[in-house]
$ cat run_12.cif   # mmCIF, C-alpha atoms and all ligand atoms
data_final
loop_
_atom_site.label_atom_id
_atom_site.label_comp_id
_atom_site.auth_asym_id
_atom_site.auth_seq_id
_atom_site.Cartn_x
_atom_site.Cartn_y
_atom_site.Cartn_z
CA MET A 1163 212.55 92.15 86.14
CA SER A 1164 212.86 92.28 89.92
CA LEU A 1165 210.82 90.58 92.63
CA GLU A 1166 209.26 93.98 93.38
CA GLN A 1167 208.11 94.35 89.77
CA ALA A 1168 206.72 90.82 89.74
CA ARG A 1169 204.95 91.62 92.99
CA ALA A 1170 203.40 94.72 91.42
CA LEU A 1171 202.07 92.58 88.54
CA VAL A 1172 200.44 90.18 91.01
CA GLN A 1173 198.97 93.00 93.10
CA ARG A 1174 197.45 94.66 90.01
CA ALA A 1175 195.97 91.46 88.54
CA SER A 1176 192.24 90.96 88.79
CA SER A 1177 192.37 87.35 87.70
CA ILE A 1178 195.13 85.00 88.77
CA ALA A 1179 195.62 81.32 88.00
CA ILE A 1180 198.22 79.21 89.73
CA LEU A 1181 199.69 75.81 88.88
CA THR A 1182 201.44 74.05 91.74
CA GLY A 1183 203.51 70.89 91.88
CA ALA A 1184 205.31 68.74 94.41
CA GLY A 1185 207.90 71.45 95.15
CA ILE A 1186 205.40 73.55 97.09
CA SER A 1187 204.91 70.68 99.56
CA ALA A 1188 208.63 69.87 99.86
CA GLU A 1189 209.06 72.27 102.78
CA SER A 1190 206.24 70.41 104.52
CA GLY A 1191 208.41 67.28 104.42
CA ILE A 1192 206.72 65.57 101.48
CA PRO A 1193 209.20 64.23 98.92
CA THR A 1194 209.01 65.45 95.32
CA PHE A 1195 209.00 62.98 92.41
CA ARG A 1196 212.05 63.97 90.38
CA GLY A 1197 215.47 65.24 91.42
CA ALA A 1198 218.16 63.96 93.78
CA ALA A 1199 215.86 63.23 96.75
CA GLY A 1200 212.78 62.52 94.62
CA LEU A 1201 210.51 59.51 94.97
CA TRP A 1202 211.46 58.25 91.52
CA LYS A 1203 215.08 57.77 92.70
CA GLN A 1204 213.86 55.04 95.03
CA PHE A 1205 210.98 53.65 92.99
CA ARG A 1206 210.35 53.21 89.31
CA PRO A 1207 207.20 55.05 88.21
CA GLU A 1208 206.24 52.23 85.93
CA ASP A 1209 206.30 49.85 88.94
CA LEU A 1210 203.94 52.01 90.97
CA ALA A 1211 202.08 54.77 89.16
CA THR A 1212 200.49 53.00 86.21
CA PRO A 1213 197.33 50.94 85.75
CA GLN A 1214 199.55 48.05 84.59
CA ALA A 1215 201.46 48.13 87.89
CA PHE A 1216 198.20 47.94 89.82
CA ARG A 1217 196.99 45.00 87.78
CA ARG A 1218 200.33 43.25 88.24
CA ASP A 1219 200.69 43.77 91.98
CA PRO A 1220 197.97 45.73 93.79
CA ASN A 1221 199.59 44.98 97.15
CA VAL A 1222 202.88 46.67 96.29
CA VAL A 1223 201.07 49.68 94.84
CA TRP A 1224 198.83 50.01 97.89
CA GLU A 1225 201.76 49.64 100.30
CA TRP A 1226 203.46 52.59 98.58
CA TYR A 1227 200.32 54.74 98.66
CA ASP A 1228 199.60 53.78 102.25
CA TRP A 1229 203.16 54.84 103.21
CA ARG A 1230 202.70 58.15 101.42
CA ARG A 1231 199.28 58.69 103.02
CA SER A 1232 200.81 58.26 106.50
CA GLN A 1233 203.58 60.73 105.62
CA ILE A 1234 201.10 63.29 104.24
CA ASP A 1235 198.78 62.79 107.21
CA GLN A 1236 201.57 64.07 109.50
CA ALA A 1237 202.36 67.08 107.31
CA ALA A 1238 201.26 70.66 107.87
CA PRO A 1239 200.94 73.37 105.21
CA ASN A 1240 203.96 75.66 104.97
CA ALA A 1241 204.39 79.40 104.34
CA GLY A 1242 203.97 78.87 100.58
CA HIS A 1243 200.57 77.19 100.91
CA LEU A 1244 199.47 79.81 103.43
CA ALA A 1245 200.52 82.73 101.21
CA LEU A 1246 198.40 81.36 98.33
CA ALA A 1247 195.41 80.83 100.63
CA ASP A 1248 195.76 84.42 101.82
CA LEU A 1249 196.06 85.71 98.24
CA GLU A 1250 192.74 84.05 97.36
CA ARG A 1251 191.00 86.23 99.93
CA ARG A 1252 192.30 89.42 98.28
CA VAL A 1253 191.94 88.77 94.52
CA PRO A 1254 188.59 89.06 92.71
CA SER A 1255 189.19 85.85 90.77
CA LEU A 1256 191.67 83.14 91.62
CA ALA A 1257 191.98 79.50 90.58
CA LEU A 1258 194.51 77.21 92.20
CA VAL A 1259 195.26 74.30 89.89
CA THR A 1260 197.33 71.66 91.64
CA GLN A 1261 199.00 68.51 90.42
CA ASN A 1262 199.45 67.55 94.05
CA VAL A 1263 197.33 64.84 95.60
CA ASP A 1264 198.18 65.72 99.21
CA GLY A 1265 195.33 68.11 100.08
CA LEU A 1266 197.68 70.62 101.74
CA HIS A 1267 196.25 73.61 99.86
CA GLN A 1268 192.82 72.85 101.31
CA LYS A 1269 194.40 72.33 104.74
CA ALA A 1270 195.96 75.80 104.41
CA GLY A 1271 192.51 77.30 103.76
CA SER A 1272 192.43 77.56 99.95
CA ARG A 1273 188.94 77.04 98.56
CA SER A 1274 189.22 77.22 94.79
CA VAL A 1275 191.48 74.21 94.47
CA ILE A 1276 191.34 72.25 91.23
CA GLU A 1277 192.95 68.83 91.64
CA VAL A 1278 193.94 67.68 88.17
CA HIS A 1279 195.75 64.52 89.33
CA GLY A 1280 193.14 63.44 91.88
CA SER A 1281 193.56 63.03 95.61
CA ILE A 1282 195.48 60.52 97.68
CA TRP A 1283 192.53 60.51 100.12
CA ALA A 1284 190.13 59.35 97.41
CA LEU A 1285 189.51 55.70 96.62
CA ARG A 1286 187.90 54.39 93.50
CA CYS A 1287 186.49 51.01 92.60
CA SER A 1288 188.50 49.14 90.00
CA GLN A 1289 185.29 47.64 88.57
CA CYS A 1290 182.24 49.83 89.18
CA GLU A 1291 181.72 53.61 89.13
CA ARG A 1292 181.98 54.17 92.88
CA SER A 1293 184.47 56.59 94.38
CA TRP A 1294 184.71 57.78 97.96
CA VAL A 1295 186.97 59.47 100.50
CA ASP A 1296 188.68 57.44 103.21
CA ARG A 1297 191.17 59.24 105.44
CA SER A 1298 192.08 56.28 107.63
CA VAL A 1299 195.77 55.72 108.19
CA PRO A 1300 196.82 52.99 107.80
CA LEU A 1301 194.25 51.50 105.46
CA PRO A 1302 193.40 47.83 105.59
CA LEU A 1303 195.31 46.59 102.55
CA VAL A 1304 193.99 46.00 99.96
CA PRO A 1305 190.82 48.10 100.45
CA HIS A 1306 187.66 46.91 98.73
CA CYS A 1307 184.54 48.49 97.30
CA ALA A 1308 181.03 47.65 98.54
CA CYS A 1309 180.59 45.63 95.32
CA GLY A 1310 183.42 43.32 96.41
CA ALA A 1311 186.01 44.45 93.87
CA MET A 1312 189.37 45.96 94.78
CA ALA A 1313 189.59 49.70 95.29
CA ARG A 1314 192.43 51.72 93.76
CA PRO A 1315 193.88 55.09 94.76
CA GLY A 1316 191.84 57.99 93.36
CA VAL A 1317 194.82 59.52 91.57
CA VAL A 1318 195.76 59.87 87.90
CA TRP A 1319 198.43 57.45 86.73
CA PHE A 1320 200.59 57.65 83.62
CA GLY A 1321 198.59 56.89 80.50
CA GLU A 1322 195.29 57.83 82.14
CA GLN A 1323 193.07 60.73 81.18
CA LEU A 1324 192.82 63.60 83.63
CA PRO A 1325 189.38 63.96 85.26
CA ARG A 1326 187.22 65.91 82.81
CA GLU A 1327 185.63 68.63 84.96
CA PRO A 1328 188.82 69.67 86.82
CA TRP A 1329 190.76 69.66 83.57
CA LEU A 1330 188.22 71.88 81.79
CA ALA A 1331 188.22 74.23 84.78
CA ALA A 1332 192.03 74.36 84.72
CA GLU A 1333 192.11 75.22 81.02
CA LYS A 1334 189.46 77.88 81.50
CA ALA A 1335 191.44 79.44 84.35
CA ALA A 1336 194.64 79.45 82.27
CA VAL A 1337 192.90 81.13 79.35
CA GLY A 1338 191.13 83.74 81.46
CA CYS A 1339 193.86 85.00 83.80
CA ASP A 1340 196.11 88.08 83.72
CA VAL A 1341 198.87 86.43 85.70
CA PHE A 1342 199.71 82.72 85.73
CA LEU A 1343 201.97 81.53 88.57
CA VAL A 1344 203.79 78.23 88.19
CA VAL A 1345 205.13 77.02 91.52
CA GLY A 1346 207.33 74.03 92.39
CA THR A 1347 206.77 71.89 89.35
CA SER A 1348 209.35 70.44 86.98
CA ALA A 1349 206.74 71.05 84.23
CA ALA A 1350 207.70 67.66 82.82
CA VAL A 1351 204.31 65.97 82.99
CA TYR A 1352 201.64 66.69 80.41
CA PRO A 1353 199.01 67.87 79.90
CA ALA A 1354 199.32 69.91 83.14
CA ALA A 1355 202.68 71.41 82.12
CA GLY A 1356 201.10 72.73 78.93
CA LEU A 1357 198.86 75.08 80.93
CA ALA A 1358 201.70 77.62 81.18
CA ASP A 1359 201.84 77.83 77.40
CA THR A 1360 198.04 78.00 77.18
CA ALA A 1361 198.07 80.94 79.58
CA ARG A 1362 200.87 82.73 77.80
CA SER A 1363 199.24 82.29 74.39
CA ALA A 1364 196.05 83.79 75.81
CA GLY A 1365 198.00 86.86 76.95
CA ALA A 1366 198.84 86.14 80.59
CA LYS A 1367 202.16 87.02 82.20
CA VAL A 1368 203.65 83.72 83.39
CA ILE A 1369 205.74 83.89 86.57
CA GLU A 1370 207.62 80.81 87.74
CA VAL A 1371 208.79 80.06 91.28
CA ASN A 1372 211.17 77.12 91.58
CA LEU A 1373 214.40 76.07 93.26
CA ASP A 1374 215.90 75.48 89.82
CA LYS A 1375 215.40 76.28 86.16
CA THR A 1376 212.86 74.01 84.50
CA GLY A 1377 211.78 73.10 80.99
CA ILE A 1378 209.53 76.16 80.86
CA SER A 1379 211.91 78.73 82.38
CA ASP A 1380 212.87 80.03 78.96
CA MET A 1381 209.29 80.74 77.93
CA VAL A 1382 208.09 82.44 81.10
CA TYR A 1383 207.87 86.20 81.63
CA PHE A 1384 209.82 85.99 84.87
CA SER A 1385 211.53 83.18 86.73
CA LEU A 1386 212.14 83.45 90.48
CA ILE A 1387 214.68 80.97 91.80
CA GLY A 1388 214.36 79.93 95.44
CA LEU A 1389 212.20 78.19 98.03
CA ALA A 1390 208.46 78.58 97.48
CA GLY A 1391 208.00 79.09 101.22
CA ASP A 1392 210.41 81.99 101.10
CA ILE A 1393 209.44 83.62 97.79
CA LEU A 1394 205.65 83.30 97.78
CA PRO A 1395 205.02 85.39 100.92
CA LYS A 1396 207.18 88.13 99.35
CA LEU A 1397 205.59 87.82 95.91
CA VAL A 1398 201.92 87.52 96.80
CA GLY A 1399 201.71 88.49 100.48
CA GLY A 1400 199.45 91.33 101.61
CA GLY A 1401 200.72 94.51 103.27
C1 LIG B 1501 210.85 73.40 94.67
C2 LIG B 1501 211.07 73.20 96.04
C3 LIG B 1501 210.81 74.27 96.91
C4 LIG B 1501 211.52 71.35 94.98
N1 LIG B 1501 210.38 75.44 96.42
N2 LIG B 1501 210.44 74.57 94.21
C5 LIG B 1501 203.81 64.56 75.66
C6 LIG B 1501 205.07 64.03 75.45
C7 LIG B 1501 205.49 62.84 76.07
C8 LIG B 1501 204.64 62.16 76.90
C9 LIG B 1501 203.40 62.67 77.13
C10 LIG B 1501 202.98 63.84 76.50
N3 LIG B 1501 201.71 64.10 76.87
C11 LIG B 1501 201.33 63.16 77.76
C12 LIG B 1501 202.33 62.27 77.92
C13 LIG B 1501 202.37 61.07 78.81
C14 LIG B 1501 202.49 61.40 80.28
C15 LIG B 1501 203.65 62.37 80.47
O1 LIG B 1501 203.50 63.56 80.62
N4 LIG B 1501 204.85 61.85 80.52
C16 LIG B 1501 206.02 62.70 80.72
C17 LIG B 1501 206.80 62.18 81.91
C18 LIG B 1501 206.78 62.85 79.47
N5 LIG B 1501 201.24 61.97 80.77
C19 LIG B 1501 200.22 61.21 81.13
O2 LIG B 1501 200.26 60.01 81.03
C20 LIG B 1501 199.00 61.93 81.63
N6 LIG B 1501 197.83 61.47 80.98
C21 LIG B 1501 197.60 61.72 79.69
O3 LIG B 1501 198.37 62.33 78.99
O4 LIG B 1501 196.40 61.22 79.24
C22 LIG B 1501 196.07 61.37 77.88
C23 LIG B 1501 195.95 60.01 77.23
C24 LIG B 1501 195.61 58.93 77.95
C25 LIG B 1501 195.50 57.69 77.34
C26 LIG B 1501 195.80 57.58 76.02
C27 LIG B 1501 196.15 58.70 75.29
C28 LIG B 1501 196.23 59.94 75.91
C29 LIG B 1501 198.79 61.59 83.12
C30 LIG B 1501 199.90 62.08 83.98
C31 LIG B 1501 199.65 61.63 85.43
C32 LIG B 1501 200.81 61.98 86.34
N7 LIG B 1501 200.68 61.28 87.57
C33 LIG B 1501 201.61 61.54 88.64
C34 LIG B 1501 201.27 60.59 89.81
C35 LIG B 1501 200.02 61.08 90.54
C36 LIG B 1501 199.63 60.19 91.65
C37 LIG B 1501 200.64 60.14 92.78
O5 LIG B 1501 200.96 61.14 93.40
O6 LIG B 1501 201.11 59.03 93.01
O7 LIG B 1501 201.51 62.91 89.06
S1 LIG B 1501 203.33 61.42 88.15
C38 LIG B 1501 203.90 62.75 89.15
O8 LIG B 1501 204.38 63.83 88.30
C39 LIG B 1501 202.65 63.30 89.86
C40 LIG B 1501 202.88 64.78 89.78
O9 LIG B 1501 201.66 65.47 89.93
C41 LIG B 1501 203.50 64.94 88.42
C42 LIG B 1501 204.26 66.22 88.26
O10 LIG B 1501 205.34 66.28 89.09
P1 LIG B 1501 205.77 67.67 89.78
O11 LIG B 1501 204.71 68.12 90.68
O12 LIG B 1501 206.20 68.61 88.74
O13 LIG B 1501 206.97 67.21 90.71
P2 LIG B 1501 208.54 67.03 90.33
O14 LIG B 1501 209.14 66.18 91.37
O15 LIG B 1501 208.71 66.60 88.93
O16 LIG B 1501 209.15 68.50 90.40
C43 LIG B 1501 209.27 69.19 91.63
C44 LIG B 1501 209.79 70.58 91.32
O17 LIG B 1501 209.79 71.35 92.50
C45 LIG B 1501 211.24 70.60 90.79
O18 LIG B 1501 211.30 71.43 89.64
C46 LIG B 1501 212.06 71.22 91.95
O19 LIG B 1501 213.13 72.01 91.48
C47 LIG B 1501 211.02 72.05 92.64
N8 LIG B 1501 211.21 72.26 94.08
N9 LIG B 1501 211.55 71.94 96.26
C48 LIG B 1501 210.26 75.58 95.09
N10 LIG B 1501 211.01 74.16 98.30
ZN ZN B 1502 182.69 48.63 93.07
#

$ encode --input "run_12.cif" --output "structure tokens"
Amino acid sequence: MSLEQARALVQRASSIAILTGAGISAESGIPTFRGAAGLWKQFRPEDLATPQAFRRDPNVVWEWYDWRRSQIDQAAPNAGHLALADLERRVPSLALVTQNVDGLHQKAGSRSVIEVHGSIWALRCSQCERSWVDRSVPLPLVPHCACGAMARPGVVWFGEQLPREPWLAAEKAAVGCDVFLVVGTSAAVYPAAGLADTARSAGAKVIEVNLDKTGISDMVYFSLIGLAGDILPKLVGGG
């Protein structure tokens, strides 16, 4: 299959679901997690992205998130984000499921964004039910809730359940689409990675866009290798 044929599939689809990962924000200067220049080369996930790590050393965890918030705050959406925002305006039904916590899809103008791993701009109380948005950079570390307890980043760490409503919406989108695009994710983290299989089992054509082959490349209908910012405008762009 060629890029032109994949493009024809996208243009004909009446319902599209998309799963994005860190790779789509790489060209905006935000590091990915895995791979040679990934965040996990410098930091151990278990030291930073688990509830245990937060209990052990909330300061270290917050310093890392505060550093990432300042990096993300400076970042602008790239051609990949913009192409998906533009596609949303032309397709009858589109759901953009993202594992990213950076908010760049919304910044690019996408409206139907489903954040399955939370948002780096959200804070949540470690004791009570409160959650809120705080975009200040830097944050006073460690931030606290009105109840006096420590706040934690409003993201999903390893071993934690994904937020219920976004997850149900993501599954529904995967089951109901004609075309499922998987962009810039290593597809190594579950349950999000399993959405591609859910979509395929329900009859969707799965198209992957990634710099490299991934764990799901062999099961997809078509795999496009290259930069998301280069391929997406060609694959989904209007005109
Ligand atoms: C480009 C590019 C360019 C680069 N253009 N492409 C089954 C088996 C084994 C374990 C599990 C399992 N099911 C669940 C688990 C456990 C675990 C898990 O999946 N572990 C795996 C590592 C094996 N999952 C969980 O714990 C999840 N919760 C859960 O399962 O709950 C159920 C439960 C709970 C309690 C008890 C019992 C059951 C939660 C997972 C949460 C993940 N959280 C993180 C951190 C979020 C907050 C933060 O940002 O700090 O989410 S980890 C990190 O990985 C982040 C990402 O969203 C996620 C995915 O990463 P992503 O986006 O794919 O990035 P990379 O870096 O991996 O890949 C980038 C890709 O882009 C690469 O492929 C590049 O080639 C490509 N690329 N530049 C195009 N320009
Ligand atoms: Zn509280």

$ atom_distance --input "run_12.cif" --atom1 "atom CA of Gln1173 of chain A" --atom2 "atom CA of Gly1399 of chain A"
9.1 Å

$ residues_around --input "run_12.cif" --residues "Ala1358 of chain A" --least-positions-apart "5" --cutoff "10 Å" --atoms "all atoms listed in the file" --output "list in words"
Ala1179, Ile1180, Leu1181, Glu1333, Ala1336, Val1337, Phe1342, Leu1343, Val1344, Ala1349, Ser1363, Ala1364, Ala1366, Lys1367, Val1368, Ile1369, Glu1370, Ile1378, Met1381 and Val1382 of chain A

$ residues_around --input "run_12.cif" --residues "Leu1266 of chain A" --least-positions-apart "6" --cutoff "8 Å" --atoms "all atoms listed in the file" --output "list in words"
Ser1187, Ala1238, Pro1239 and His1243 of chain A

$ closest_atom_pairs --input "run_12.cif" --of "chain A" --to "ligand ZN 1502 (chain B)" --cutoff "7 Å" --atoms "all atoms listed in the file" --output "CSV"
residue,atom,partner,partner_atom,distance
A:Cys1287,CA,B:ZN1502,ZN,4.5
A:Ser1288,CA,B:ZN1502,ZN,6.6
A:Gln1289,CA,B:ZN1502,ZN,5.3
A:Cys1290,CA,B:ZN1502,ZN,4.1
A:Glu1291,CA,B:ZN1502,ZN,6.4
A:Arg1292,CA,B:ZN1502,ZN,5.6
A:Cys1307,CA,B:ZN1502,ZN,4.6
A:Ala1308,CA,B:ZN1502,ZN,5.8
A:Cys1309,CA,B:ZN1502,ZN,4.3
A:Gly1310,CA,B:ZN1502,ZN,6.3
A:Ala1311,CA,B:ZN1502,ZN,5.4

$ axis_aligned_box --input "run_12.cif" --around "ligand LIG 1501 (chain B)" --padding-each-side "4 Å" --output "AutoDock Vina command-line options"
--center_x 204.3 --center_y 66.6 --center_z 86.8 --size_x 25.6 --size_y 26.0 --size_z 31.0

$ closest_residue --input "run_12.cif" --among "A:Gly1321, A:Gly1265, A:Pro1315, A:Gly1400" --to "Phe1216 of chain A" --atoms "all atoms listed in the file"
A:Pro1315

$ residues_around --input "run_12.cif" --residues "Tyr1227 of chain A" --least-positions-apart "3" --cutoff "8 Å" --atoms "all atoms listed in the file" --output "MDAnalysis selection string"
chainID A and resid 1223:1224 1230:1231 1282 1315

$ closest_residue --input "run_12.cif" --among "A:Val1295, A:Ala1247, A:Val1263, A:Leu1389" --to "Val1318 of chain A" --atoms "all atoms listed in the file"
A:Val1263

$ closest_residue --input "run_12.cif" --among "A:Thr1347, A:Gln1167, A:Asn1240, A:Ser1298" --to "ligand LIG 1501 (chain B)" --atoms "only C-alpha atoms and all ligand atoms"
A:Thr1347

$ closest_residue --input "run_12.cif" --among "A:Pro1220, A:Pro1213, A:Gly1401, A:Pro1325" --to "Pro1353 of chain A" --atoms "only C-alpha atoms"
A:Pro1325

$ residues_near_point --input "run_12.cif" --point "(215.5, 81.3, 94.8)" --cutoff "12 Å" --atoms "all atoms listed in the file" --output "JSON, numbers by chain"
{"A": [1165, 1345, 1346, 1370, 1371, 1372, 1373, 1374, 1375, 1385, 1386, 1387, 1388, 1389, 1390, 1391, 1392, 1393, 1394, 1396, 1397]}

$ decode --input "run_12.cif" --residues "segment 1376-1388 of chain A" --atoms "N, CA, C and O atoms" --output "PDB file, in the first residue's frame"
ATOM      1  N   THR A1376       7.285  -0.655  15.397  1.00  0.00           N
ATOM      2  CA  THR A1376       6.956  -0.825  16.815  1.00  0.00           C
ATOM      3  C   THR A1376       6.393  -2.222  17.036  1.00  0.00           C
ATOM      4  O   THR A1376       6.265  -3.005  16.080  1.00  0.00           O
ATOM      5  N   GLY A1377       6.003  -2.486  18.252  1.00  0.00           N
ATOM      6  CA  GLY A1377       5.424  -3.788  18.607  1.00  0.00           C
ATOM      7  C   GLY A1377       4.136  -4.082  17.871  1.00  0.00           C
ATOM      8  O   GLY A1377       3.723  -5.246  17.798  1.00  0.00           O
ATOM      9  N   ILE A1378       3.469  -3.077  17.325  1.00  0.00           N
ATOM     10  CA  ILE A1378       2.211  -3.358  16.627  1.00  0.00           C
ATOM     11  C   ILE A1378       2.346  -3.270  15.105  1.00  0.00           C
ATOM     12  O   ILE A1378       1.383  -3.499  14.380  1.00  0.00           O
ATOM     13  N   SER A1379       3.547  -2.956  14.610  1.00  0.00           N
ATOM     14  CA  SER A1379       3.705  -2.764  13.161  1.00  0.00           C
ATOM     15  C   SER A1379       3.261  -3.974  12.348  1.00  0.00           C
ATOM     16  O   SER A1379       2.742  -3.831  11.242  1.00  0.00           O
ATOM     17  N   ASP A1380       3.474  -5.163  12.926  1.00  0.00           N
ATOM     18  CA  ASP A1380       3.124  -6.371  12.172  1.00  0.00           C
ATOM     19  C   ASP A1380       1.623  -6.622  12.098  1.00  0.00           C
ATOM     20  O   ASP A1380       1.165  -7.377  11.250  1.00  0.00           O
ATOM     21  N   MET A1381       0.872  -6.019  12.993  1.00  0.00           N
ATOM     22  CA  MET A1381      -0.579  -6.268  12.979  1.00  0.00           C
ATOM     23  C   MET A1381      -1.365  -5.164  12.263  1.00  0.00           C
ATOM     24  O   MET A1381      -2.548  -5.328  12.013  1.00  0.00           O
ATOM     25  N   VAL A1382      -0.692  -4.066  11.916  1.00  0.00           N
ATOM     26  CA  VAL A1382      -1.458  -2.965  11.334  1.00  0.00           C
ATOM     27  C   VAL A1382      -1.692  -3.187   9.835  1.00  0.00           C
ATOM     28  O   VAL A1382      -0.999  -3.971   9.191  1.00  0.00           O
ATOM     29  N   TYR A1383      -2.654  -2.477   9.299  1.00  0.00           N
ATOM     30  CA  TYR A1383      -2.991  -2.559   7.885  1.00  0.00           C
ATOM     31  C   TYR A1383      -1.889  -1.912   7.054  1.00  0.00           C
ATOM     32  O   TYR A1383      -1.511  -2.372   5.997  1.00  0.00           O
ATOM     33  N   PHE A1384      -1.367  -0.806   7.580  1.00  0.00           N
ATOM     34  CA  PHE A1384      -0.327  -0.077   6.849  1.00  0.00           C
ATOM     35  C   PHE A1384       0.540   0.696   7.834  1.00  0.00           C
ATOM     36  O   PHE A1384       0.031   1.327   8.752  1.00  0.00           O
ATOM     37  N   SER A1385       1.861   0.613   7.617  1.00  0.00           N
ATOM     38  CA  SER A1385       2.785   1.286   8.513  1.00  0.00           C
ATOM     39  C   SER A1385       3.579   2.323   7.724  1.00  0.00           C
ATOM     40  O   SER A1385       4.237   1.990   6.742  1.00  0.00           O
ATOM     41  N   LEU A1386       3.480   3.571   8.116  1.00  0.00           N
ATOM     42  CA  LEU A1386       4.213   4.646   7.439  1.00  0.00           C
ATOM     43  C   LEU A1386       5.375   5.057   8.324  1.00  0.00           C
ATOM     44  O   LEU A1386       5.169   5.474   9.476  1.00  0.00           O
ATOM     45  N   ILE A1387       6.593   4.943   7.794  1.00  0.00           N
ATOM     46  CA  ILE A1387       7.779   5.232   8.587  1.00  0.00           C
ATOM     47  C   ILE A1387       8.275   6.634   8.258  1.00  0.00           C
ATOM     48  O   ILE A1387       8.567   6.950   7.093  1.00  0.00           O
ATOM     49  N   GLY A1388       8.370   7.482   9.279  1.00  0.00           N
ATOM     50  CA  GLY A1388       8.884   8.838   9.069  1.00  0.00           C
ATOM     51  C   GLY A1388       8.413   9.763  10.167  1.00  0.00           C
ATOM     52  O   GLY A1388       7.774   9.331  11.142  1.00  0.00           O
TER      53      GLY A1388
END
